[in-house]
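Engineer: Quick one, input-v8.cif (mmCIF, C-alpha atoms):
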data_start
loop_
_atom_site.label_atom_id
_atom_site.label_comp_id
_atom_site.auth_asym_id
_atom_site.auth_seq_id
_atom_site.Cartn_x
_atom_site.Cartn_y
_atom_site.Cartn_z
CA MET B 1375 86.85 159.43 216.59
CA ASN B 1376 86.18 156.52 214.21
CA VAL B 1377 88.98 155.23 212.01
CA ARG B 1378 89.20 152.92 209.01
CA ALA B 1379 90.47 149.49 210.09
CA THR B 1380 93.05 147.47 208.19
CA GLY B 1381 90.34 145.28 206.70
CA GLY B 1382 88.37 148.28 205.44
CA ASP B 1383 85.67 148.23 208.11
CA THR B 1384 84.88 151.27 210.24
CA THR B 1385 85.77 150.61 213.86
CA GLY B 1386 85.47 152.56 217.06
CA THR B 1387 88.35 153.89 219.16
CA LEU B 1388 89.62 152.47 222.42
CA VAL B 1389 90.57 155.42 224.64
CA LEU B 1390 92.71 154.87 227.72
CA VAL B 1391 91.63 157.56 230.20
CA ALA B 1392 93.85 158.47 233.14
CA THR B 1393 91.81 159.16 236.28
CA PRO B 1394 92.72 160.80 239.62
CA ILE B 1395 94.93 158.88 242.03
CA GLY B 1396 93.27 160.60 244.94
CA ASN B 1397 92.23 164.18 244.27
CA LEU B 1398 89.12 164.37 242.07
CA GLY B 1399 90.21 167.84 240.96
CA ASP B 1400 92.82 166.12 238.79
CA LEU B 1401 90.18 164.75 236.40
CA SER B 1402 90.90 166.67 233.20
CA PRO B 1403 88.30 168.23 230.87
CA ARG B 1404 89.51 165.92 228.08
CA ALA B 1405 88.99 162.91 230.36
CA VAL B 1406 85.41 164.02 231.05
CA GLU B 1407 84.80 164.51 227.33
CA ALA B 1408 86.17 161.05 226.47
CA LEU B 1409 84.14 159.33 229.18
CA ALA B 1410 80.95 161.18 228.23
CA GLY B 1411 81.38 160.27 224.56
CA ALA B 1412 82.03 156.56 225.10
CA ALA B 1413 79.37 153.94 224.46
CA ALA B 1414 80.95 151.82 227.20
CA VAL B 1415 83.41 152.43 230.01
CA CYS B 1416 85.67 149.55 231.06
CA CYS B 1417 86.58 149.74 234.74
CA GLU B 1418 87.96 147.65 237.61
CA ASP B 1419 85.11 148.39 240.02
CA THR B 1420 81.69 149.64 238.87
CA ARG B 1421 80.96 151.28 242.22
CA HIS B 1422 84.24 153.20 242.26
CA SER B 1423 84.00 154.31 238.63
CA GLY B 1424 80.27 154.99 238.99
CA ARG B 1425 81.05 157.56 241.67
CA LEU B 1426 83.69 159.13 239.43
CA LEU B 1427 81.24 159.41 236.54
CA ALA B 1428 78.60 160.90 238.84
CA HIS B 1429 81.15 163.45 240.08
CA ALA B 1430 81.79 164.44 236.45
CA GLY B 1431 78.06 164.66 235.73
CA ILE B 1432 78.17 161.76 233.27
CA GLN B 1433 75.18 159.46 232.94
CA GLY B 1434 74.36 156.58 230.68
CA PRO B 1435 77.54 154.80 229.58
CA ARG B 1436 77.52 151.05 229.94
CA LEU B 1437 80.05 149.75 232.47
CA ILE B 1438 82.14 146.66 231.68
CA VAL B 1439 84.19 145.12 234.49
CA VAL B 1440 87.83 144.62 233.46
CA ASN B 1441 90.06 143.26 236.21
CA GLU B 1442 92.65 140.50 236.53
CA HIS B 1443 89.89 137.87 236.60
CA THR B 1444 87.71 139.19 233.75
CA GLU B 1445 90.11 140.93 231.36
CA ALA B 1446 90.57 138.03 228.93
CA GLU B 1447 86.83 137.40 228.64
CA ALA B 1448 85.99 141.11 228.45
CA CYS B 1449 88.32 141.53 225.46
CA VAL B 1450 85.86 139.59 223.29
CA GLU B 1451 83.01 141.95 224.14
CA ILE B 1452 85.17 145.07 223.79
CA VAL B 1453 86.42 144.05 220.34
CA ARG B 1454 82.84 143.37 219.27
CA LEU B 1455 81.83 146.89 220.35
CA LEU B 1456 84.81 148.44 218.57
CA GLU B 1457 84.07 146.50 215.38
CA SER B 1458 80.49 147.77 215.50
CA GLY B 1459 81.82 151.34 215.39
CA ALA B 1460 81.35 152.16 219.10
CA ASP B 1461 83.97 154.10 221.05
CA VAL B 1462 85.09 152.44 224.30
CA ALA B 1463 86.84 154.12 227.25
CA LEU B 1464 89.14 152.22 229.60
CA VAL B 1465 89.88 153.44 233.13
CA THR B 1466 91.51 151.98 236.21
CA ASP B 1467 90.55 152.66 239.82
CA ALA B 1468 93.33 155.25 239.98
CA GLY B 1469 95.92 156.56 237.56
CA THR B 1470 96.80 155.45 234.04
CA PRO B 1471 95.35 152.17 232.71
CA GLY B 1472 97.87 149.46 231.91
CA LEU B 1473 100.49 150.52 234.49
CA SER B 1474 100.28 147.73 237.08
CA ALA B 1475 96.54 147.74 236.37
CA PRO B 1476 94.27 146.00 233.86
CA GLY B 1477 94.46 147.21 230.27
CA GLU B 1478 97.42 145.53 228.59
CA ARG B 1479 95.35 142.67 227.15
CA VAL B 1480 92.55 145.00 226.09
CA VAL B 1481 94.97 147.22 224.17
CA ALA B 1482 96.56 144.20 222.47
CA ALA B 1483 93.13 142.86 221.49
CA ALA B 1484 92.05 146.23 220.09
CA VAL B 1485 95.26 146.60 218.10
CA GLY B 1486 94.86 143.06 216.82
CA ALA B 1487 91.34 143.89 215.66
CA GLY B 1488 92.61 146.89 213.69
CA ALA B 1489 90.94 149.45 215.97
CA ARG B 1490 92.47 152.77 216.81
CA VAL B 1491 93.90 153.08 220.34
CA SER B 1492 94.36 156.50 221.88
CA ALA B 1493 94.89 157.89 225.38
CA VAL B 1494 93.99 160.86 227.53
CA PRO B 1495 97.11 161.50 229.66
CA GLY B 1496 96.90 162.36 233.29
CA PRO B 1497 97.78 161.14 236.78
CA ALA B 1498 100.31 158.34 237.27
CA ALA B 1499 101.50 157.59 240.80
CA ALA B 1500 104.85 156.23 239.54
CA VAL B 1501 105.73 159.45 237.72
CA MET B 1502 104.57 161.72 240.53
CA ALA B 1503 106.53 159.79 243.16
CA LEU B 1504 109.62 159.80 240.95
CA VAL B 1505 109.67 163.55 240.33
CA VAL B 1506 109.16 164.45 244.02
CA SER B 1507 111.59 161.83 245.34
CA GLY B 1508 114.73 163.95 245.11
CA LEU B 1509 116.48 161.05 243.34
CA PRO B 1510 117.77 161.05 239.73
CA THR B 1511 114.96 161.24 237.18
CA ARG B 1512 116.82 161.28 233.84
CA ARG B 1513 116.60 157.47 233.52
CA PHE B 1514 114.34 155.19 235.52
CA ALA B 1515 112.90 151.66 235.55
CA PHE B 1516 109.31 150.92 236.50
CA GLU B 1517 109.05 147.60 238.37
CA GLY B 1518 105.43 147.79 239.50
CA PHE B 1519 104.61 145.16 242.13
CA LEU B 1520 107.36 142.66 242.97
CA PRO B 1521 106.48 138.94 242.99
CA ARG B 1522 105.23 137.96 246.42
CA ALA B 1523 107.47 134.94 247.03
CA GLY B 1524 109.78 132.30 245.63
CA ALA B 1525 112.52 132.34 243.02
CA ASP B 1526 110.76 135.03 240.97
CA ARG B 1527 110.91 137.46 243.89
CA ALA B 1528 114.57 136.69 244.61
CA GLU B 1529 115.45 137.18 240.94
CA ARG B 1530 113.65 140.52 240.71
CA LEU B 1531 115.19 141.76 243.96
CA ALA B 1532 118.64 140.94 242.62
CA ALA B 1533 117.85 142.78 239.38
CA VAL B 1534 116.63 145.84 241.31
CA ALA B 1535 119.78 145.80 243.44
CA ALA B 1536 121.99 145.89 240.33
CA GLU B 1537 119.86 148.40 238.36
CA ARG B 1538 121.83 151.49 237.35
CA ARG B 1539 118.64 153.54 236.87
CA THR B 1540 116.28 154.87 239.54
CA VAL B 1541 113.70 152.16 240.27
CA VAL B 1542 109.99 152.70 241.01
CA VAL B 1543 108.14 149.96 242.92
CA TYR B 1544 104.51 149.73 244.00
CA GLU B 1545 103.59 148.02 247.28
CA ALA B 1546 100.52 147.29 249.37
CA PRO B 1547 100.56 148.45 253.01
CA HIS B 1548 100.53 144.95 254.55
CA ARG B 1549 103.62 143.93 252.54
CA LEU B 1550 105.57 147.20 252.82
CA GLU B 1551 107.74 146.35 255.84
CA ARG B 1552 108.78 142.98 254.40
CA THR B 1553 109.60 144.46 251.00
CA LEU B 1554 111.75 147.19 252.53
CA ALA B 1555 113.59 144.59 254.63
CA ASP B 1556 114.19 142.45 251.52
CA LEU B 1557 115.42 145.49 249.60
CA GLU B 1558 117.82 146.33 252.44
CA LEU B 1559 119.27 142.82 252.27
CA ALA B 1560 119.55 142.93 248.47
CA CYS B 1561 120.77 146.51 248.02
CA GLY B 1562 122.56 147.23 251.28
CA PRO B 1563 121.46 149.44 254.19
CA SER B 1564 122.82 152.71 252.79
CA ARG B 1565 120.86 152.76 249.49
CA ARG B 1566 118.57 155.81 249.50
CA VAL B 1567 114.83 155.45 249.08
CA ALA B 1568 111.78 157.71 248.96
CA ILE B 1569 108.47 156.32 250.25
CA ALA B 1570 105.37 158.08 248.93
CA ARG B 1571 101.86 157.50 250.21
CA GLU B 1572 98.42 159.02 249.72
CA LEU B 1573 99.69 161.07 246.77
CA THR B 1574 97.48 164.08 245.89
CA LYS B 1575 95.29 163.40 248.95
CA LEU B 1576 94.87 165.42 252.13
CA HIS B 1577 97.46 163.38 254.04
CA GLU B 1578 100.03 163.09 251.25
CA GLU B 1579 103.43 162.13 252.60
CA VAL B 1580 106.88 161.59 251.08
CA TRP B 1581 109.52 160.14 253.41
CA ARG B 1582 113.20 160.11 252.36
CA GLY B 1583 116.15 158.27 253.85
CA THR B 1584 118.21 155.07 253.61
CA LEU B 1585 116.73 151.58 253.39
CA HIS B 1586 117.97 150.84 256.91
CA GLU B 1587 116.21 153.94 258.24
CA ALA B 1588 113.11 153.10 256.18
CA VAL B 1589 112.68 149.69 257.82
CA ARG B 1590 112.74 151.32 261.26
CA HIS B 1591 110.47 154.15 260.14
CA VAL B 1592 107.80 151.83 258.76
CA GLY B 1593 108.07 149.42 261.70
CA ALA B 1594 107.28 152.23 264.13
CA ARG B 1595 103.70 152.72 262.88
CA PRO B 1596 101.13 150.70 260.93
CA PRO B 1597 101.35 151.42 257.17
CA ARG B 1598 98.17 152.82 255.61
CA GLY B 1599 97.30 153.59 252.02
CA GLU B 1600 98.96 152.59 248.77
CA TYR B 1601 102.72 153.08 248.58
CA VAL B 1602 105.23 153.95 245.88
CA LEU B 1603 108.92 153.27 246.58
CA VAL B 1604 111.56 155.15 244.60
CA LEU B 1605 114.98 153.55 244.93
CA GLU B 1606 118.36 155.15 244.28
CA PRO B 1607 120.31 153.66 241.34
CA ALA B 1608 123.08 151.18 242.05
CA ARG B 1609 126.50 152.76 242.17
CA PRO B 1610 129.02 151.75 239.50
CA PRO B 1611 131.25 148.89 240.68
CA GLU B 1612 134.75 149.76 241.86
CA PRO B 1613 137.26 149.31 239.04
CA ALA B 1614 139.35 146.17 239.25
CA THR B 1615 142.91 146.64 240.51
CA GLU B 1616 145.90 145.70 238.39
CA ALA B 1617 146.61 142.78 240.73
CA GLU B 1618 143.06 141.46 240.23
CA LEU B 1619 143.38 141.76 236.46
CA VAL B 1620 146.73 139.97 236.47
CA ASP B 1621 145.40 137.12 238.62
CA ALA B 1622 142.40 136.69 236.31
CA LEU B 1623 144.63 136.74 233.22
CA ARG B 1624 146.97 134.11 234.67
CA ALA B 1625 144.01 131.85 235.39
CA GLU B 1626 142.75 132.18 231.80
CA LEU B 1627 146.19 131.61 230.29
CA ARG B 1628 146.82 128.56 232.44
CA ALA B 1629 143.46 127.19 231.26
CA GLY B 1630 144.79 127.33 227.69
CA ALA B 1631 143.33 130.61 226.39
CA SER B 1632 145.33 132.74 223.98
CA ARG B 1633 146.47 136.16 225.18
CA LYS B 1634 143.83 137.82 223.00
CA ASP B 1635 140.98 135.61 224.24
CA ALA B 1636 142.13 135.83 227.86
CA ALA B 1637 142.22 139.62 227.67
CA ALA B 1638 138.75 139.79 226.10
CA ARG B 1639 137.21 137.50 228.73
CA VAL B 1640 138.81 139.28 231.67
CA ALA B 1641 137.93 142.72 230.33
CA THR B 1642 134.28 141.71 229.93
CA ARG B 1643 134.02 139.95 233.30
CA LEU B 1644 135.73 142.66 235.35
CA GLY B 1645 134.56 145.67 233.34
CA ALA B 1646 138.05 146.88 232.48
CA PRO B 1647 139.23 148.53 229.21
CA ARG B 1648 140.23 145.83 226.73
CA ARG B 1649 143.35 147.66 225.60
CA ARG B 1650 144.65 147.91 229.17
CA VAL B 1651 143.98 144.24 229.86
CA TYR B 1652 145.60 143.13 226.60
CA GLU B 1653 148.73 145.16 227.42
CA LEU B 1654 148.91 143.40 230.79
CA ALA B 1655 148.52 140.05 229.03
CA LEU B 1656 151.47 140.90 226.74
CA ARG B 1657 153.58 141.93 229.73
CA LEU B 1658 152.88 138.64 231.46
CA GLY B 1659 154.39 136.72 228.56
CA ASP B 1660 155.16 133.15 229.49
CA SER B 1661 155.28 133.91 233.23
CA ALA B 1662 151.64 132.93 233.55
CA ASN B 1663 152.47 129.27 232.82
#
Render the structure in this file as structure tokens.
Structural biologist:
Amino acid sequence: MNVRATGGDTTGTLVLVATPIGNLGDLSPRAVEALAGAAAVCCEDTRHSGRLLAHAGIQGPRLIVVNEHTEAEACVEIVRLLESGADVALVTDAGTPGLSAPGERVVAAAVGAGARVSAVPGPAAAVMALVVSGLPTRRFAFEGFLPRAGADRAERLAAVAAERRTVVVYEAPHRLERTLADLELACGPSRRVAIARELTKLHEEVWRGTLHEAVRHVGARPPRGEYVLVLEPARPPEPATEAELVDALRAELRAGASRKDAAARVATRLGAPRRRVYELALRLGDSAN
């Protein structure tokens, strides 16, 4: 798996290995091969990944802890291993590395060092929850975990509320009820949502309903396990009426805008066809003054 780096040196390969999100039967033969062939395995928790390696019958690889606290420092060691020609595997506790899990900095460091980066595809909770949600799957946005508080959280909630694609959000059990309540306020009570938990495990569950119903559903019993929320896309805004367009045009014209500029601004702001708005501006004539 070695490749010639940009500087002419032979480097190892960083392999991102997707691991089961619950059911160990989802560990693929290619994943086992990649883990067994790596000189080092980067993982969030050595105990968790040690059990996974033991399950696969793999012994011997060096384990390097890569989590939110150690990722920057670990990059130095990982690049050194890659530059020496060693292959390095990167796993997360569950699912695909780099998706709301450590890995992004490691990949950037490896790319920067001229090493090859590859991946063994496999489980991803976001994708599984999306495809079983019953909501549109053609276009979607992955939000990961929302900010916990402050202006950043309010800004992201507003963006989710306006998103015209299906949105996938991760949430911890102790914050689930609050996040659903915040989403109800931002998106309205009738927005549909699917709540997935314990995916691929014995007690896998996918609940579907409106955000208003979801708040009551979650409040009725203590949340357990990791959750994925799949949110219905925002509906297109209602088209502006002719009266609304005329009022907006009159305001622009009175402010000194030309008919052409007034029509362009109103069409952009209210999402109306420019030709239609310009025709209305011509019909208004001097009556707007």
Engineer: Neighbours of Gly1386 of chain B within 12 Å (all atoms listed in the file; same-chain residues fewer than 6 positions away dropped), as a ChimeraX atom specification?
Structural biologist: /B:1375-1379,1411-1414,1452-1463,1484-1485,1487-1492
Engineer: Starting from the point (142.2, 144.1, 224.2), work out which residues of protein, DNA or RNA have an atom no more than 8 Å away when counting only C-alpha atoms; state them as a ChimeraX atom specification.
Structural biologist: /B:1634,1637-1638,1641,1647-1653
Engineer: If I take atom CA of Gly1518 of chain B and atom CA of Val1542 of chain B, how far is one from the other in Å, to one decimal?
Structural biologist: 6.9 Å
Engineer: Please enumerate the residues selected by the PyMOL selection byres ((chain B and resi 1405) around 12) when evaluated against the supplied file, formatted as a JSON list (two decimals) with C-alpha atoms, keeping the file's coordinate frame.
Structural biologist:
[["chain", "number", "residue", "atom", "x", "y", "z"],
["B", 1389, "VAL", "CA", 90.57, 155.42, 224.64],
["B", 1390, "LEU", "CA", 92.71, 154.87, 227.72],
["B", 1391, "VAL", "CA", 91.63, 157.56, 230.20],
["B", 1392, "ALA", "CA", 93.85, 158.47, 233.14],
["B", 1393, "THR", "CA", 91.81, 159.16, 236.28],
["B", 1394, "PRO", "CA", 92.72, 160.80, 239.62],
["B", 1398, "LEU", "CA", 89.12, 164.37, 242.07],
["B", 1399, "GLY", "CA", 90.21, 167.84, 240.96],
["B", 1400, "ASP", "CA", 92.82, 166.12, 238.79],
["B", 1401, "LEU", "CA", 90.18, 164.75, 236.40],
["B", 1402, "SER", "CA", 90.90, 166.67, 233.20],
["B", 1403, "PRO", "CA", 88.30, 168.23, 230.87],
["B", 1404, "ARG", "CA", 89.51, 165.92, 228.08],
["B", 1406, "VAL", "CA", 85.41, 164.02, 231.05],
["B", 1407, "GLU", "CA", 84.80, 164.51, 227.33],
["B", 1408, "ALA", "CA", 86.17, 161.05, 226.47],
["B", 1409, "LEU", "CA", 84.14, 159.33, 229.18],
["B", 1410, "ALA", "CA", 80.95, 161.18, 228.23],
["B", 1411, "GLY", "CA", 81.38, 160.27, 224.56],
["B", 1412, "ALA", "CA", 82.03, 156.56, 225.10],
["B", 1415, "VAL", "CA", 83.41, 152.43, 230.01],
["B", 1426, "LEU", "CA", 83.69, 159.13, 239.43],
["B", 1427, "LEU", "CA", 81.24, 159.41, 236.54],
["B", 1430, "ALA", "CA", 81.79, 164.44, 236.45],
["B", 1432, "ILE", "CA", 78.17, 161.76, 233.27],
["B", 1463, "ALA", "CA", 86.84, 154.12, 227.25],
["B", 1464, "LEU", "CA", 89.14, 152.22, 229.60],
["B", 1465, "VAL", "CA", 89.88, 153.44, 233.13],
["B", 1469, "GLY", "CA", 95.92, 156.56, 237.56],
["B", 1470, "THR", "CA", 96.80, 155.45, 234.04],
["B", 1492, "SER", "CA", 94.36, 156.50, 221.88],
["B", 1493, "ALA", "CA", 94.89, 157.89, 225.38],
["B", 1494, "VAL", "CA", 93.99, 160.86, 227.53],
["B", 1495, "PRO", "CA", 97.11, 161.50, 229.66],
["B", 1496, "GLY", "CA", 96.90, 162.36, 233.29],
["B", 1497, "PRO", "CA", 97.78, 161.14, 236.78]]
Engineer: Kindly give the distance, in Å, that separates atom CA of Ser1423 of chain B and atom CA of Asn1397 of chain B, rounded to a single decimal.
Structural biologist: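 Straight-line distance from atom CA of Ser1423 of chain B to atom CA of Asn1397 of chain B works out to 14.0 Å.
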Engineer: Name the closest residue to Ala1568 of chain B among the candidates B:Arg1624, B:Arg1530, B:Arg1436, B:His1591; distances are taken between atoms, counting all atoms listed in the file.
Structural biologist: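 Looking only at the distances to Ala1568 of chain B, the closest residue turns out to be B:His1591.
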Engineer: Using only C-alpha atoms, give me every residue within 12 Å of (142.1, 129.5, 229.3) in file coordinates, as a VMD selection string.
Structural biologist: chain B and resid 1622 to 1640 1662 to 1663
Engineer: With C-alpha atoms kept, could you save the residues just selected as a short mmCIF file (atom, residue, chain, number, x, y, z; two decimals), in the coordinates of the input?
Structural biologist:
data_model
loop_
_atom_site.label_atom_id
_atom_site.label_comp_id
_atom_site.auth_asym_id
_atom_site.auth_seq_id
_atom_site.Cartn_x
_atom_site.Cartn_y
_atom_site.Cartn_z
CA ALA B 1622 142.40 136.69 236.31
CA LEU B 1623 144.63 136.74 233.22
CA ARG B 1624 146.97 134.11 234.67
CA ALA B 1625 144.01 131.85 235.39
CA GLU B 1626 142.75 132.18 231.80
CA LEU B 1627 146.19 131.61 230.29
CA ARG B 1628 146.82 128.56 232.44
CA ALA B 1629 143.46 127.19 231.26
CA GLY B 1630 144.79 127.33 227.69
CA ALA B 1631 143.33 130.61 226.39
CA SER B 1632 145.33 132.74 223.98
CA ARG B 1633 146.47 136.16 225.18
CA LYS B 1634 143.83 137.82 223.00
CA ASP B 1635 140.98 135.61 224.24
CA ALA B 1636 142.13 135.83 227.86
CA ALA B 1637 142.22 139.62 227.67
CA ALA B 1638 138.75 139.79 226.10
CA ARG B 1639 137.21 137.50 228.73
CA VAL B 1640 138.81 139.28 231.67
CA ALA B 1662 151.64 132.93 233.55
CA ASN B 1663 152.47 129.27 232.82
#
Engineer: Between B:Val1604, B:Val1481, B:Ala1555, B:Val1534, single out the one closest to Val1567 of chain B, counting only C-alpha atoms.
Structural biologist: B:Val1604
Engineer: Could you state the separation of atom CA of Gly1562 of chain B and atom CA of Thr1615 of chain B in Å, given to one decimal place?
Structural biologist: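 About the pair atom CA of Gly1562 of chain B and atom CA of Thr1615 of chain B: they are 23.0 Å apart.
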Engineer: Applying 10 Å and all atoms listed in the file, which residues near segment 1549-1553 of chain B remain after dropping the ones on its own chain fewer than 2 positions away? List them as a VMD selection string.
Structural biologist: chain B and resid 1520 1522 1531 1543 to 1547 1555 to 1559 1569 1588 to 1593 1596 to 1598 1600 to 1603
Engineer: Given the PyMOL selection byres ((chain B and resi 1439) around 8) and the file above, list the residues it selects as an mmCIF file with C-alpha atoms, keeping the file's coordinate frame.
Structural biologist:
data_model
loop_
_atom_site.group_PDB
_atom_site.id
_atom_site.type_symbol
_atom_site.label_atom_id
_atom_site.label_comp_id
_atom_site.auth_asym_id
_atom_site.auth_seq_id
_atom_site.Cartn_x
_atom_site.Cartn_y
_atom_site.Cartn_z
ATOM 1 C CA CYS B 1416 85.670 149.550 231.060
ATOM 2 C CA CYS B 1417 86.580 149.740 234.740
ATOM 3 C CA GLU B 1418 87.960 147.650 237.610
ATOM 4 C CA ASP B 1419 85.110 148.390 240.020
ATOM 5 C CA THR B 1420 81.690 149.640 238.870
ATOM 6 C CA LEU B 1437 80.050 149.750 232.470
ATOM 7 C CA ILE B 1438 82.140 146.660 231.680
ATOM 8 C CA VAL B 1440 87.830 144.620 233.460
ATOM 9 C CA ASN B 1441 90.060 143.260 236.210
ATOM 10 C CA THR B 1444 87.710 139.190 233.750
ATOM 11 C CA GLU B 1445 90.110 140.930 231.360
ATOM 12 C CA ALA B 1448 85.990 141.110 228.450
#
Engineer: Choose the residue, out of B:Gly1424, B:Pro1607, B:Pro1471, B:Pro1563, that has the smallest atom-to-atom separation from Leu1509 of chain B; count only C-alpha atoms.
Structural biologist: B:Pro1607
Engineer: Give the answer as one residue: which of B:Thr1642, B:Gln1433, B:Thr1574, B:Ser1474 has the shortest atom-to-atom distance to Ile1395 of chain B, using only C-alpha atoms?
Structural biologist: B:Thr1574
Engineer: Return the single residue from B:Gly1486, B:Gly1599, B:Pro1476, B:Pro1610 that is closest to His1577 of chain B, with distances computed using all atoms listed in the file.
Structural biologist: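 Looking only at the distances to His1577 of chain B, the closest residue turns out to be B:Gly1599.
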Engineer: With the file shown as input, list the residues that the PyMOL selection byres ((chain B and resi 1508) around 12) selects, as number ranges by chain.
Structural biologist: B: 1502-1507, 1509-1512, 1540, 1566-1570, 1580-1583, 1604-1606
